[in-house]
file model_13.csv (CSV, C-alpha atoms)
chain,number,residue,atom,x,y,z
A,1,MET,CA,33.4,212.3,-63.9
A,2,PHE,CA,34.9,212.3,-60.4
A,3,ILE,CA,33.9,208.7,-59.7
A,4,MET,CA,35.3,207.5,-63.0
A,5,GLY,CA,38.5,209.4,-62.2
A,6,LEU,CA,38.7,207.5,-58.9
A,7,VAL,CA,38.3,204.2,-60.8
A,8,VAL,CA,41.2,205.1,-63.1
A,9,ILE,CA,43.4,206.2,-60.2
A,10,PHE,CA,42.7,203.0,-58.2
A,11,THR,CA,43.3,200.9,-61.3
A,12,SER,CA,46.6,202.6,-62.2
A,13,LEU,CA,47.8,202.2,-58.6
A,14,PHE,CA,47.1,198.5,-58.7
A,15,VAL,CA,48.7,198.1,-62.1
A,16,ARG,CA,51.8,199.9,-60.9
A,17,ASP,CA,52.2,197.7,-57.9
A,18,PRO,CA,50.5,194.3,-58.5
A,19,SER,CA,52.3,192.7,-55.5
A,20,ARG,CA,49.0,192.3,-53.7
A,21,GLY,CA,48.0,189.6,-56.2
A,22,TRP,CA,44.5,188.1,-56.2
A,23,GLN,CA,43.6,189.8,-52.9
A,24,GLY,CA,44.4,193.2,-54.3
A,25,ALA,CA,42.4,192.4,-57.5
A,26,SER,CA,39.4,191.4,-55.4
A,27,VAL,CA,39.4,194.8,-53.7
A,28,LEU,CA,39.6,196.4,-57.2
A,29,VAL,CA,36.5,194.3,-58.2
A,30,VAL,CA,34.6,195.7,-55.2
A,31,LEU,CA,35.6,199.2,-56.2
A,32,TYR,CA,34.5,198.6,-59.8
A,33,ALA,CA,31.1,197.3,-58.8
A,34,VAL,CA,30.3,199.9,-56.2
A,35,LEU,CA,31.7,203.0,-57.9
A,36,GLY,CA,30.4,201.8,-61.3
A,37,TYR,CA,26.8,201.6,-59.9
A,38,VAL,CA,27.2,205.0,-58.2
A,39,ALA,CA,28.4,206.5,-61.5
A,40,TYR,CA,25.6,204.8,-63.5
A,41,PHE,CA,23.0,206.0,-61.0
A,42,ALA,CA,24.3,209.6,-61.1
A,43,ALA,CA,24.4,209.5,-64.9
A,44,VAL,CA,20.8,208.5,-65.3
A,45,GLY,CA,19.5,211.1,-62.9
A,46,GLY,CA,18.1,208.7,-60.3
A,47,TYR,CA,15.7,210.1,-57.9
A,48,ALA,CA,15.1,213.2,-60.0
A,49,LEU,CA,12.8,215.7,-58.2
A,50,ASP,CA,10.6,216.5,-61.2
A,51,VAL,CA,9.8,212.9,-62.1
A,52,GLU,CA,6.9,211.0,-60.6
A,53,ASP,CA,8.6,207.6,-60.6
A,54,PRO,CA,11.3,207.6,-57.8
A,55,ARG,CA,13.6,205.6,-60.1
A,56,PRO,CA,13.4,207.1,-63.6
A,57,HIS,CA,16.2,205.0,-64.9
A,58,LEU,CA,13.9,201.9,-64.8
A,59,SER,CA,11.7,203.2,-67.6
A,60,VAL,CA,11.2,201.1,-70.7
A,61,GLY,CA,14.6,200.3,-72.3
A,62,LYS,CA,16.6,201.5,-69.4
A,63,GLY,CA,15.9,198.8,-66.9
A,64,VAL,CA,18.4,196.3,-68.4
A,65,PRO,CA,21.5,198.2,-67.1
A,66,ALA,CA,19.9,198.5,-63.6
A,67,TRP,CA,19.3,194.7,-63.4
A,68,GLY,CA,22.7,194.1,-64.8
A,69,PHE,CA,24.4,196.1,-62.1
A,70,PHE,CA,22.2,194.4,-59.5
A,71,LEU,CA,22.9,190.8,-60.7
A,72,VAL,CA,26.5,191.0,-62.0
A,73,GLY,CA,27.7,193.4,-59.3
A,74,GLY,CA,26.0,191.4,-56.6
A,75,VAL,CA,27.4,188.1,-57.8
A,76,LEU,CA,30.9,189.6,-58.1
A,77,LEU,CA,30.7,191.0,-54.5
A,78,ILE,CA,29.5,187.7,-53.1
A,79,LEU,CA,32.3,185.9,-54.9
A,80,VAL,CA,34.8,188.3,-53.4
A,81,ALA,CA,33.4,187.6,-49.9
A,82,VAL,CA,33.6,183.9,-50.4
A,83,ALA,CA,37.1,184.1,-51.8
A,84,TRP,CA,38.2,186.0,-48.6
A,85,ALA,CA,36.6,183.3,-46.5
A,86,LEU,CA,38.5,180.7,-48.4
A,87,TRP,CA,41.7,182.7,-47.9
A,88,VAL,CA,41.0,182.3,-44.1
A,89,SER,CA,40.4,186.0,-43.4
A,90,PRO,CA,37.2,186.2,-41.4
A,91,ARG,CA,37.5,190.0,-41.0
A,92,ASN,CA,37.7,190.7,-44.7
A,93,ALA,CA,35.1,188.0,-45.5
A,94,LEU,CA,32.6,189.7,-43.2
A,95,LEU,CA,33.6,193.1,-44.4
A,96,PHE,CA,33.0,192.2,-48.1
A,97,GLY,CA,30.0,190.1,-47.3
A,98,GLY,CA,28.4,193.1,-45.5
A,99,ILE,CA,29.3,195.3,-48.5
A,100,ALA,CA,27.7,192.8,-50.8
A,101,ILE,CA,24.4,192.7,-48.8
A,102,ALA,CA,24.3,196.5,-48.6
A,103,TYR,CA,25.0,196.8,-52.3
A,104,LEU,CA,22.2,194.3,-53.1
A,105,GLY,CA,19.8,196.3,-50.9
A,106,VAL,CA,20.7,199.6,-52.6
A,107,SER,CA,21.0,198.5,-56.2
A,108,TYR,CA,17.8,196.4,-56.4
A,109,PRO,CA,15.9,198.0,-59.3
A,110,GLN,CA,12.5,198.6,-57.7
A,111,LYS,CA,11.0,201.4,-55.8
A,112,LEU,CA,12.4,202.1,-52.3
A,113,SER,CA,11.0,200.4,-49.3
A,114,ILE,CA,11.8,200.0,-45.6
A,115,ARG,CA,12.8,196.4,-46.3
A,116,ARG,CA,15.5,197.5,-48.8
A,117,ALA,CA,16.8,200.1,-46.3
A,118,ALA,CA,16.8,197.5,-43.5
A,119,LEU,CA,18.8,195.1,-45.8
A,120,SER,CA,21.4,197.7,-46.5
A,121,GLY,CA,21.6,198.5,-42.7
A,122,PHE,CA,22.0,194.8,-42.0
A,123,GLY,CA,24.9,194.6,-44.5
A,124,LEU,CA,26.6,197.5,-42.8
A,125,VAL,CA,26.2,195.8,-39.4
A,126,ILE,CA,27.8,192.7,-40.7
A,127,ALA,CA,30.7,194.7,-42.1
A,128,SER,CA,31.1,196.5,-38.8
A,129,VAL,CA,31.1,193.3,-36.9
A,130,GLY,CA,33.9,192.0,-39.1
A,131,VAL,CA,36.0,195.2,-38.7
A,132,VAL,CA,35.4,195.6,-34.9
A,133,PHE,CA,35.7,192.0,-33.6
A,134,PHE,CA,38.2,190.4,-35.9

call {"tool": "encode", "arguments": {"input": "model_13.csv", "output": "structure tokens"}}
result
Amino acid sequence: MFIMGLVVIFTSLFVRDPSRGWQGASVLVVLYAVLGYVAYFAAVGGYALDVEDPRPHLSVGKGVPAWGFFLVGGVLLILVAVAWALWVSPRNALLFGGIAIAYLGVSYPQKLSIRRAALSGFGLVIASVGVVFF
């Protein structure tokens, strides 16, 4: 409920002051993808302690939303990063590109592995480079 409250607050702030245009809307898309996945993951009880499968939301019939968040959210985040690169803002392009890579590593609907954790860390390094050096 808290996360959905944040989504509503951010959306209402953007609607009240749309002067940021497409760039503000792109930030809103990133918030929708990331916070939406977090809310979904919390709602399905991911990583429940009493379940043998580390990702119970991937059981039969429940895997479609997980793949949907991975594919649709990942594509949206990559498009936002490309858009910021086209708007000639390398700092924001690297920031959103790193967020996209980290999101893809976290949201991939399979059991956890060291490769997925490394991919998320790599995304955060890219985002950090964008913020620190640009």

call {"tool": "residues_around", "arguments": {"input": "model_13.csv", "residues": "Val131 in chain A", "least_positions_apart": "2", "cutoff": "9 Å", "atoms": "only C-alpha atoms", "output": "number ranges by chain"}}
result
A: 91-92, 94-95, 126-129, 133-134

call {"tool": "residues_near_point", "arguments": {"input": "model_13.csv", "point": "(15.9, 198.6, -57.7)", "cutoff": "9 Å", "atoms": "only C-alpha atoms", "output": "list in words"}}
result
Arg55, Leu58, Ala66, Trp67, Phe70, Leu104, Gly105, Val106, Ser107, Tyr108, Pro109, Gln110, Lys111, Leu112 and Arg116 of chain A

call {"tool": "residues_around", "arguments": {"input": "model_13.csv", "residues": "range 80-89 of chain A", "least_positions_apart": "5", "cutoff": "6 Å", "atoms": "all atoms listed in the file", "output": "list in words"}}
result
Ser26, Phe96 and Gly97 of chain A

call {"tool": "residues_around", "arguments": {"input": "model_13.csv", "residues": "Gly68 in chain A", "least_positions_apart": "3", "cutoff": "12 Å", "atoms": "only C-alpha atoms", "output": "list in words"}}
result
Ala33, Gly36, Tyr37, Tyr40, Leu58, Lys62, Gly63, Val64, Pro65, Leu71, Val72, Gly73, Gly74, Val75, Leu76, Leu104, Ser107, Tyr108 and Pro109 of chain A

call {"tool": "residues_around", "arguments": {"input": "model_13.csv", "residues": "Ile101 in chain A", "least_positions_apart": "5", "cutoff": "7 Å", "atoms": "only C-alpha atoms", "output": "PyMOL selection string"}}
result
chain A and resi 119-120+123

call {"tool": "residues_near_point", "arguments": {"input": "model_13.csv", "point": "(31.6, 205.1, -56.8)", "cutoff": "8 Å", "atoms": "all atoms listed in the file", "output": "ChimeraX atom specification"}}
result
/A:3-4,6-7,31-32,34-39

call {"tool": "atom_distance", "arguments": {"input": "model_13.csv", "atom1": "CA of Leu79 in chain A", "atom2": "CA of Arg20 in chain A"}}
result
17.9 Å
